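First up is the structure itself, then whatever we jot down about it.
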Protein chains: 2
Amino acid sequence: MKVEYINPFIKSTINTFHTMIGDTPKPGKPEIKKDPFPVFDISGVIGISGEAIGSVVLSYPKVVALKIASKFIQEDIKIVGKELADAIGEITNIIAGNAKQDLTQFKISISLPNVIIGTGHQIRTPGESPILIVPFVSAFGTFGLEVCIKENK
Amino acid sequence: MKVEYINPFIKSTINTFHTMIGDTPKPGKPEIKKDPFPVFDISGVIGISGEAIGSVVLSYPKVVALKIASKFIQEDIKIVGKELADAIGEITNIIAGNAKQDLTQFKISISLPNVIIGTGHQIRTPGESPILIVPFVSAFGTFGLEVCIKENK
């Protein structure tokens with residue numbers, strides 16, 4: 001994937017957190033994801049298809065996901081369940097949807113989000129397409145953005 | 001989602017396993033996914049978008065995923081790593097791609113697969129859209145198919 005494809009997702013993550021969660025997370029340098037893969041506890045995953053295909057993933061440690069989801073719905077979420085999954089899915093959806101608006105070089109559409117719940121899981125995108133990861137530092141802790149997009153010929 | 005939307009995925013799962021893995025897995029009755037959600041170790045996830053949006057997930061216990069992936073690539077895979085993820089992703093891709101051919105009522109496209117690796121993870125699809133799950137019994141053990149599709153108005 002071209003490095004510039006990640007920029008709309010970085011911008012959208014910052015803007016979404018700023019607007020919806022009242023924090024402006026700081027992105028680290030995008031890097032190619034490689035072994036050993038980072039592990040997280042909660043991930044929101046959305047597929048991208050159309051003139052480009054791929055996916056966008058936002059992954060969090062459990063404690064960070066609980067804090068961010070609580071802030072997002074303005075209620076204290078203490079357990080990993082439906083409320084947490086709904087909030088993390090919706091945040092992923094907003095970030096992917098806003099990024100899509102800036103990827104004007106492609107006509108793409110996004111899937112429904114899935115939320116993965118599992119201590120120390122990793123996510124692999126099979127094949128040779130490189131995945132870019134961007135670590136973010138927020139007021140609630142660190143989390144990761146991963147994007148894989150390739151032109152769909 | 002309409003129950004009949006699951007049928008192309010069931011057919012495609014059976015056909016793909018028959019052709020690629022030399023086994024004809026038997027589907028159980030489709031049911032609406034609800035708490036307590038099933039947990040698995042390896043899942044292949046693909047997003048669906050276009051005139052309908054959703055996702056398809058195939059989930060396996062680790063030992064079953066290793067056997068199926070080994071049979072698929074005709075090499076003995078002993079560890080959970082790139083080879084396993086590539087095989088599980090490719091199987092998910094073939095199943096989703098073949099099912100798409102039968103969902104002629106919608107113009108839909110599918111994303112790149114992601115493969116989740118994590119002992120005892122669960123996958124939630126946020127919101128109110130019901131997810132249908134179909135347990136399969138194969139020669140290599142049981143696995144699960146999950147499909148969520150809704151019309152994209």
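We label chains A, B, ... in the order they appear in the structure tokens, count residues from 1 in each chain, and number ligands from 1 in the order shown.
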
Considering only C-alpha atoms, return as a list in words whatever protein or nucleic-acid residues lie within 7 Å of Gly89 in chain A, sequence-local ones (same chain, fewer than 2 positions apart) excluded.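 The residues satisfying every condition are Gly44, Ala85, Asp86, Ala87, Ile91, Thr92, Asn93, Pro113, Asn114 and Val115 of chain A; Pro126 of chain B.
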
Chain B contacts to chain A at 8 Å (only C-alpha atoms) as a ChimeraX atom specification: /B:46-50,53-55,82,85-87,89-90,109-127

Written file, previous selection with N, CA and C atoms, as an mmCIF file, in the first residue's frame:
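As a result, out_23.cif now contains:
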```
data_model
loop_
_atom_site.group_PDB
_atom_site.id
_atom_site.type_symbol
_atom_site.label_atom_id
_atom_site.label_comp_id
_atom_site.auth_asym_id
_atom_site.auth_seq_id
_atom_site.Cartn_x
_atom_site.Cartn_y
_atom_site.Cartn_z
ATOM 1 N N ILE B 46 -14.075 -11.418 7.097
ATOM 2 C CA ILE B 46 -14.123 -10.614 5.861
ATOM 3 C C ILE B 46 -15.324 -9.683 5.933
ATOM 4 N N GLY B 47 -15.108 -8.450 5.559
ATOM 5 C CA GLY B 47 -16.200 -7.482 5.518
ATOM 6 C C GLY B 47 -16.917 -7.510 4.177
ATOM 7 N N ILE B 48 -18.215 -7.222 4.233
ATOM 8 C CA ILE B 48 -19.051 -7.164 3.037
ATOM 9 C C ILE B 48 -19.596 -5.743 2.937
ATOM 10 N N SER B 49 -19.537 -5.171 1.750
ATOM 11 C CA SER B 49 -20.148 -3.849 1.601
ATOM 12 C C SER B 49 -20.683 -3.669 0.194
ATOM 13 N N GLY B 50 -21.395 -2.599 -0.006
ATOM 14 C CA GLY B 50 -22.072 -2.353 -1.280
ATOM 15 C C GLY B 50 -23.560 -2.196 -1.009
ATOM 16 N N ILE B 53 -24.465 -4.630 3.596
ATOM 17 C CA ILE B 53 -23.235 -4.557 4.382
ATOM 18 C C ILE B 53 -23.284 -5.587 5.500
ATOM 19 N N GLY B 54 -22.113 -6.008 5.916
ATOM 20 C CA GLY B 54 -22.053 -6.997 6.974
ATOM 21 C C GLY B 54 -20.681 -7.623 7.024
ATOM 22 N N SER B 55 -20.656 -8.881 7.438
ATOM 23 C CA SER B 55 -19.380 -9.584 7.501
ATOM 24 C C SER B 55 -19.614 -11.082 7.565
ATOM 25 N N LYS B 82 2.502 -17.340 10.346
ATOM 26 C CA LYS B 82 2.147 -16.810 9.028
ATOM 27 C C LYS B 82 1.468 -17.839 8.123
ATOM 28 N N ALA B 85 -2.080 -18.385 9.269
ATOM 29 C CA ALA B 85 -2.909 -17.203 9.003
ATOM 30 C C ALA B 85 -3.194 -17.081 7.507
ATOM 31 N N ASP B 86 -2.182 -17.317 6.683
ATOM 32 C CA ASP B 86 -2.385 -17.222 5.232
ATOM 33 C C ASP B 86 -3.428 -18.240 4.764
ATOM 34 N N ALA B 87 -3.336 -19.467 5.261
ATOM 35 C CA ALA B 87 -4.278 -20.513 4.838
ATOM 36 C C ALA B 87 -5.694 -20.206 5.316
ATOM 37 N N GLY B 89 -6.941 -17.327 6.131
ATOM 38 C CA GLY B 89 -7.421 -16.155 5.400
ATOM 39 C C GLY B 89 -7.887 -16.513 4.002
ATOM 40 N N GLU B 90 -7.111 -17.357 3.340
ATOM 41 C CA GLU B 90 -7.443 -17.735 1.959
ATOM 42 C C GLU B 90 -8.732 -18.565 1.915
ATOM 43 N N SER B 109 -19.410 -6.229 -2.550
ATOM 44 C CA SER B 109 -17.999 -6.553 -2.703
ATOM 45 C C SER B 109 -17.450 -6.961 -1.344
ATOM 46 N N ILE B 110 -16.324 -7.670 -1.371
ATOM 47 C CA ILE B 110 -15.757 -8.174 -0.122
ATOM 48 C C ILE B 110 -14.378 -7.575 0.106
ATOM 49 N N SER B 111 -14.018 -7.457 1.386
ATOM 50 C CA SER B 111 -12.744 -6.838 1.774
ATOM 51 C C SER B 111 -11.626 -7.875 1.750
ATOM 52 N N LEU B 112 -10.419 -7.450 2.089
ATOM 53 C CA LEU B 112 -9.353 -8.410 2.380
ATOM 54 C C LEU B 112 -9.690 -9.119 3.692
ATOM 55 N N PRO B 113 -9.286 -10.383 3.833
ATOM 56 C CA PRO B 113 -9.515 -11.051 5.119
ATOM 57 C C PRO B 113 -8.549 -10.571 6.199
ATOM 58 N N ASN B 114 -9.019 -10.591 7.431
ATOM 59 C CA ASN B 114 -8.135 -10.502 8.588
ATOM 60 C C ASN B 114 -8.240 -11.814 9.345
ATOM 61 N N VAL B 115 -7.144 -12.222 9.928
ATOM 62 C CA VAL B 115 -7.156 -13.449 10.721
ATOM 63 C C VAL B 115 -6.823 -13.099 12.173
ATOM 64 N N ILE B 116 -7.751 -13.448 13.056
ATOM 65 C CA ILE B 116 -7.592 -13.171 14.479
ATOM 66 C C ILE B 116 -6.968 -14.389 15.128
ATOM 67 N N ILE B 117 -5.915 -14.178 15.877
ATOM 68 C CA ILE B 117 -5.258 -15.257 16.601
ATOM 69 C C ILE B 117 -5.266 -14.905 18.079
ATOM 70 N N GLY B 118 -5.995 -15.680 18.853
ATOM 71 C CA GLY B 118 -6.055 -15.389 20.286
ATOM 72 C C GLY B 118 -6.893 -16.440 20.978
ATOM 73 N N THR B 119 -6.312 -17.086 21.986
ATOM 74 C CA THR B 119 -6.998 -18.165 22.687
ATOM 75 C C THR B 119 -8.297 -17.655 23.309
ATOM 76 N N GLY B 120 -9.395 -18.308 22.952
ATOM 77 C CA GLY B 120 -10.675 -18.007 23.581
ATOM 78 C C GLY B 120 -11.219 -16.621 23.290
ATOM 79 N N HIS B 121 -10.993 -16.116 22.069
ATOM 80 C CA HIS B 121 -11.555 -14.794 21.746
ATOM 81 C C HIS B 121 -13.020 -14.934 21.318
ATOM 82 N N GLN B 122 -13.752 -13.851 21.454
ATOM 83 C CA GLN B 122 -15.098 -13.794 20.908
ATOM 84 C C GLN B 122 -15.193 -12.609 19.952
ATOM 85 N N ILE B 123 -16.145 -12.688 19.043
ATOM 86 C CA ILE B 123 -16.334 -11.614 18.066
ATOM 87 C C ILE B 123 -17.755 -11.113 18.187
ATOM 88 N N ARG B 124 -17.906 -9.824 18.376
ATOM 89 C CA ARG B 124 -19.229 -9.230 18.471
ATOM 90 C C ARG B 124 -19.453 -8.275 17.304
ATOM 91 N N THR B 125 -20.638 -8.299 16.764
ATOM 92 C CA THR B 125 -21.022 -7.329 15.746
ATOM 93 C C THR B 125 -21.947 -6.333 16.438
ATOM 94 N N PRO B 126 -21.461 -5.117 16.623
ATOM 95 C CA PRO B 126 -22.230 -4.145 17.394
ATOM 96 C C PRO B 126 -23.564 -3.816 16.731
ATOM 97 N N GLY B 127 -24.443 -3.249 17.533
ATOM 98 C CA GLY B 127 -25.720 -2.795 17.010
ATOM 99 C C GLY B 127 -26.771 -3.872 17.120
#
```

Excluding Thr16 in chain B and residues on its chain fewer than 2 positions from it, collect all residues at most 12 Å away from it, counting only C-alpha atoms, and give them as a PyMOL selection string. chain B and resi 8-14+18-25+68+72+90-99

Apply DSSP to the structure's backbone, then extract all residues of chain B labelled alpha helix (DSSP H) and return them as a ChimeraX atom specification. /B:7-21,62-73,82-102

Let me see the file: selected residues, N, CA and C atoms, as a short mmCIF file (atom, residue, chain, number, x, y, z; two decimals), in the first residue's frame.
```
data_model
loop_
_atom_site.label_atom_id
_atom_site.label_comp_id
_atom_site.auth_asym_id
_atom_site.auth_seq_id
_atom_site.Cartn_x
_atom_site.Cartn_y
_atom_site.Cartn_z
N ASN B 7 -27.81 -18.97 3.34
CA ASN B 7 -27.68 -20.20 2.56
C ASN B 7 -26.50 -20.22 1.57
N PRO B 8 -26.24 -19.13 0.85
CA PRO B 8 -25.06 -19.17 -0.04
C PRO B 8 -23.75 -19.40 0.73
N PHE B 9 -23.69 -18.93 1.97
CA PHE B 9 -22.46 -19.11 2.76
C PHE B 9 -22.32 -20.55 3.24
N ILE B 10 -23.46 -21.16 3.59
CA ILE B 10 -23.42 -22.57 4.00
C ILE B 10 -22.99 -23.44 2.82
N LYS B 11 -23.63 -23.19 1.68
CA LYS B 11 -23.30 -23.96 0.46
C LYS B 11 -21.82 -23.77 0.08
N SER B 12 -21.37 -22.53 0.15
CA SER B 12 -20.00 -22.23 -0.24
C SER B 12 -19.00 -22.86 0.74
N THR B 13 -19.33 -22.89 2.02
CA THR B 13 -18.44 -23.53 3.00
C THR B 13 -18.31 -25.02 2.71
N ILE B 14 -19.45 -25.66 2.46
CA ILE B 14 -19.43 -27.10 2.15
C ILE B 14 -18.61 -27.35 0.88
N ASN B 15 -18.90 -26.59 -0.16
CA ASN B 15 -18.21 -26.80 -1.45
C ASN B 15 -16.72 -26.51 -1.35
N THR B 16 -16.37 -25.46 -0.64
CA THR B 16 -14.95 -25.09 -0.53
C THR B 16 -14.19 -26.17 0.23
N PHE B 17 -14.77 -26.65 1.33
CA PHE B 17 -14.10 -27.72 2.07
C PHE B 17 -14.01 -29.00 1.22
N HIS B 18 -15.09 -29.29 0.51
CA HIS B 18 -15.09 -30.49 -0.33
C HIS B 18 -13.98 -30.42 -1.39
N THR B 19 -13.89 -29.28 -2.05
CA THR B 19 -12.94 -29.13 -3.15
C THR B 19 -11.51 -28.96 -2.66
N MET B 20 -11.32 -28.14 -1.63
CA MET B 20 -9.97 -27.71 -1.25
C MET B 20 -9.38 -28.57 -0.14
N ILE B 21 -10.23 -29.21 0.66
CA ILE B 21 -9.72 -29.89 1.86
C ILE B 21 -10.12 -31.37 1.85
N LYS B 62 -7.95 -23.99 17.94
CA LYS B 62 -6.58 -24.01 17.39
C LYS B 62 -6.24 -25.33 16.70
N VAL B 63 -6.54 -26.45 17.35
CA VAL B 63 -6.15 -27.75 16.80
C VAL B 63 -6.87 -28.02 15.48
N VAL B 64 -8.10 -27.56 15.38
CA VAL B 64 -8.88 -27.75 14.15
C VAL B 64 -8.31 -26.86 13.04
N ALA B 65 -7.99 -25.62 13.37
CA ALA B 65 -7.42 -24.70 12.38
C ALA B 65 -6.11 -25.24 11.83
N LEU B 66 -5.27 -25.79 12.71
CA LEU B 66 -3.97 -26.33 12.26
C LEU B 66 -4.17 -27.49 11.30
N LYS B 67 -5.14 -28.37 11.61
CA LYS B 67 -5.39 -29.53 10.74
C LYS B 67 -5.94 -29.09 9.39
N ILE B 68 -6.90 -28.18 9.41
CA ILE B 68 -7.53 -27.73 8.17
C ILE B 68 -6.53 -26.97 7.29
N ALA B 69 -5.75 -26.10 7.91
CA ALA B 69 -4.76 -25.32 7.15
C ALA B 69 -3.69 -26.24 6.56
N SER B 70 -3.28 -27.26 7.34
CA SER B 70 -2.27 -28.21 6.85
C SER B 70 -2.79 -28.95 5.62
N LYS B 71 -4.04 -29.38 5.71
CA LYS B 71 -4.64 -30.10 4.59
C LYS B 71 -4.76 -29.16 3.38
N PHE B 72 -5.11 -27.91 3.64
CA PHE B 72 -5.32 -26.93 2.57
C PHE B 72 -4.03 -26.68 1.79
N ILE B 73 -2.91 -26.53 2.50
CA ILE B 73 -1.66 -26.24 1.78
C ILE B 73 -0.84 -27.51 1.54
N LYS B 82 2.50 -17.34 10.35
CA LYS B 82 2.15 -16.81 9.03
C LYS B 82 1.47 -17.84 8.12
N GLU B 83 2.02 -19.06 8.10
CA GLU B 83 1.44 -20.09 7.21
C GLU B 83 -0.02 -20.38 7.59
N LEU B 84 -0.26 -20.51 8.88
CA LEU B 84 -1.62 -20.77 9.34
C LEU B 84 -2.54 -19.60 8.98
N ALA B 85 -2.08 -18.39 9.27
CA ALA B 85 -2.91 -17.20 9.00
C ALA B 85 -3.19 -17.08 7.51
N ASP B 86 -2.18 -17.32 6.68
CA ASP B 86 -2.38 -17.22 5.23
C ASP B 86 -3.43 -18.24 4.76
N ALA B 87 -3.34 -19.47 5.26
CA ALA B 87 -4.28 -20.51 4.84
C ALA B 87 -5.69 -20.21 5.32
N ILE B 88 -5.83 -19.83 6.57
CA ILE B 88 -7.16 -19.53 7.12
C ILE B 88 -7.76 -18.31 6.42
N GLY B 89 -6.94 -17.33 6.13
CA GLY B 89 -7.42 -16.16 5.40
C GLY B 89 -7.89 -16.51 4.00
N GLU B 90 -7.11 -17.36 3.34
CA GLU B 90 -7.44 -17.73 1.96
C GLU B 90 -8.73 -18.57 1.92
N ILE B 91 -8.90 -19.46 2.87
CA ILE B 91 -10.14 -20.25 2.93
C ILE B 91 -11.34 -19.32 3.14
N THR B 92 -11.19 -18.37 4.03
CA THR B 92 -12.28 -17.40 4.29
C THR B 92 -12.60 -16.62 3.01
N ASN B 93 -11.55 -16.22 2.31
CA ASN B 93 -11.69 -15.46 1.08
C ASN B 93 -12.44 -16.25 0.00
N ILE B 94 -12.10 -17.52 -0.13
CA ILE B 94 -12.75 -18.36 -1.15
C ILE B 94 -14.23 -18.55 -0.79
N ILE B 95 -14.50 -18.82 0.48
CA ILE B 95 -15.89 -19.03 0.91
C ILE B 95 -16.72 -17.76 0.69
N ALA B 96 -16.18 -16.62 1.09
CA ALA B 96 -16.93 -15.37 0.91
C ALA B 96 -17.10 -15.04 -0.57
N GLY B 97 -16.05 -15.26 -1.34
CA GLY B 97 -16.11 -14.96 -2.77
C GLY B 97 -17.12 -15.82 -3.50
N ASN B 98 -17.16 -17.11 -3.17
CA ASN B 98 -18.12 -18.01 -3.82
C ASN B 98 -19.56 -17.69 -3.38
N ALA B 99 -19.74 -17.38 -2.11
CA ALA B 99 -21.09 -17.04 -1.62
C ALA B 99 -21.60 -15.79 -2.33
N LYS B 100 -20.70 -14.85 -2.55
CA LYS B 100 -21.05 -13.59 -3.22
C LYS B 100 -21.68 -13.85 -4.59
N GLN B 101 -21.17 -14.87 -5.29
CA GLN B 101 -21.70 -15.19 -6.63
C GLN B 101 -23.17 -15.57 -6.57
N ASP B 102 -23.59 -16.12 -5.44
CA ASP B 102 -24.98 -16.57 -5.30
C ASP B 102 -25.90 -15.50 -4.70
#
```

Please measure the separation of CA of Pro61 in chain B and CA of Gly141 in chain B, giving the value in Å to one decimal. 8.4 Å

Those of range 11-146 of chain B in DSSP strand (DSSP E or B), formatted as a PDB file with C-alpha atoms, in the first residue's frame:
```pdb
ATOM      1  CA  LYS B  26     -22.044 -31.087   7.986  1.00  0.00           C
ATOM      2  CA  PRO B  27     -23.832 -27.856   8.904  1.00  0.00           C
ATOM      3  CA  GLU B  31     -29.230 -19.846  15.027  1.00  0.00           C
ATOM      4  CA  ILE B  32     -29.170 -16.255  16.144  1.00  0.00           C
ATOM      5  CA  PHE B  40     -12.608 -19.691  19.416  1.00  0.00           C
ATOM      6  CA  ASP B  41      -8.838 -19.460  18.950  1.00  0.00           C
ATOM      7  CA  ILE B  42      -8.492 -18.603  15.260  1.00  0.00           C
ATOM      8  CA  SER B  43     -10.968 -16.632  13.145  1.00  0.00           C
ATOM      9  CA  GLY B  44     -10.982 -15.463   9.552  1.00  0.00           C
ATOM     10  CA  VAL B  45     -13.019 -12.278   9.097  1.00  0.00           C
ATOM     11  CA  ILE B  46     -14.123 -10.614   5.861  1.00  0.00           C
ATOM     12  CA  GLY B  47     -16.200  -7.482   5.518  1.00  0.00           C
ATOM     13  CA  ILE B  48     -19.051  -7.164   3.037  1.00  0.00           C
ATOM     14  CA  SER B  49     -20.148  -3.849   1.601  1.00  0.00           C
ATOM     15  CA  GLY B  50     -22.072  -2.353  -1.280  1.00  0.00           C
ATOM     16  CA  ALA B  52     -25.696  -4.918   1.515  1.00  0.00           C
ATOM     17  CA  ILE B  53     -23.235  -4.557   4.382  1.00  0.00           C
ATOM     18  CA  GLY B  54     -22.053  -6.997   6.974  1.00  0.00           C
ATOM     19  CA  SER B  55     -19.380  -9.584   7.501  1.00  0.00           C
ATOM     20  CA  VAL B  56     -18.598 -13.264   7.359  1.00  0.00           C
ATOM     21  CA  VAL B  57     -16.507 -15.000   9.991  1.00  0.00           C
ATOM     22  CA  LEU B  58     -15.162 -18.559  10.117  1.00  0.00           C
ATOM     23  CA  SER B  59     -13.881 -19.513  13.572  1.00  0.00           C
ATOM     24  CA  TYR B  60     -11.923 -22.547  14.740  1.00  0.00           C
ATOM     25  CA  ILE B 108     -21.744  -6.439  -3.042  1.00  0.00           C
ATOM     26  CA  SER B 109     -17.999  -6.553  -2.703  1.00  0.00           C
ATOM     27  CA  ILE B 110     -15.757  -8.174  -0.122  1.00  0.00           C
ATOM     28  CA  ASN B 114      -8.135 -10.502   8.588  1.00  0.00           C
ATOM     29  CA  VAL B 115      -7.156 -13.449  10.721  1.00  0.00           C
ATOM     30  CA  ILE B 116      -7.592 -13.171  14.479  1.00  0.00           C
ATOM     31  CA  ILE B 117      -5.258 -15.257  16.601  1.00  0.00           C
ATOM     32  CA  GLY B 118      -6.055 -15.389  20.286  1.00  0.00           C
ATOM     33  CA  THR B 119      -6.998 -18.165  22.687  1.00  0.00           C
ATOM     34  CA  GLY B 120     -10.675 -18.007  23.581  1.00  0.00           C
ATOM     35  CA  HIS B 121     -11.555 -14.794  21.746  1.00  0.00           C
ATOM     36  CA  GLN B 122     -15.098 -13.794  20.908  1.00  0.00           C
ATOM     37  CA  ILE B 123     -16.334 -11.614  18.066  1.00  0.00           C
ATOM     38  CA  ARG B 124     -19.229  -9.230  18.471  1.00  0.00           C
ATOM     39  CA  LEU B 132     -26.596 -16.021  12.285  1.00  0.00           C
ATOM     40  CA  ILE B 133     -24.238 -18.740  13.404  1.00  0.00           C
ATOM     41  CA  VAL B 134     -23.959 -22.192  11.889  1.00  0.00           C
ATOM     42  CA  PRO B 135     -21.933 -24.881  13.646  1.00  0.00           C
ATOM     43  CA  PHE B 136     -20.140 -27.276  11.303  1.00  0.00           C
ATOM     44  CA  VAL B 137     -18.879 -30.761  12.039  1.00  0.00           C
ATOM     45  CA  SER B 138     -15.908 -31.753   9.886  1.00  0.00           C
ATOM     46  CA  GLY B 141     -13.323 -31.137  14.324  1.00  0.00           C
ATOM     47  CA  THR B 142     -16.041 -28.547  14.737  1.00  0.00           C
ATOM     48  CA  PHE B 143     -15.916 -24.962  13.557  1.00  0.00           C
ATOM     49  CA  GLY B 144     -18.315 -22.054  13.249  1.00  0.00           C
ATOM     50  CA  LEU B 145     -19.641 -19.911  10.413  1.00  0.00           C
ATOM     51  CA  GLU B 146     -21.128 -16.522  11.287  1.00  0.00           C
TER      52      GLU B 146
END
```
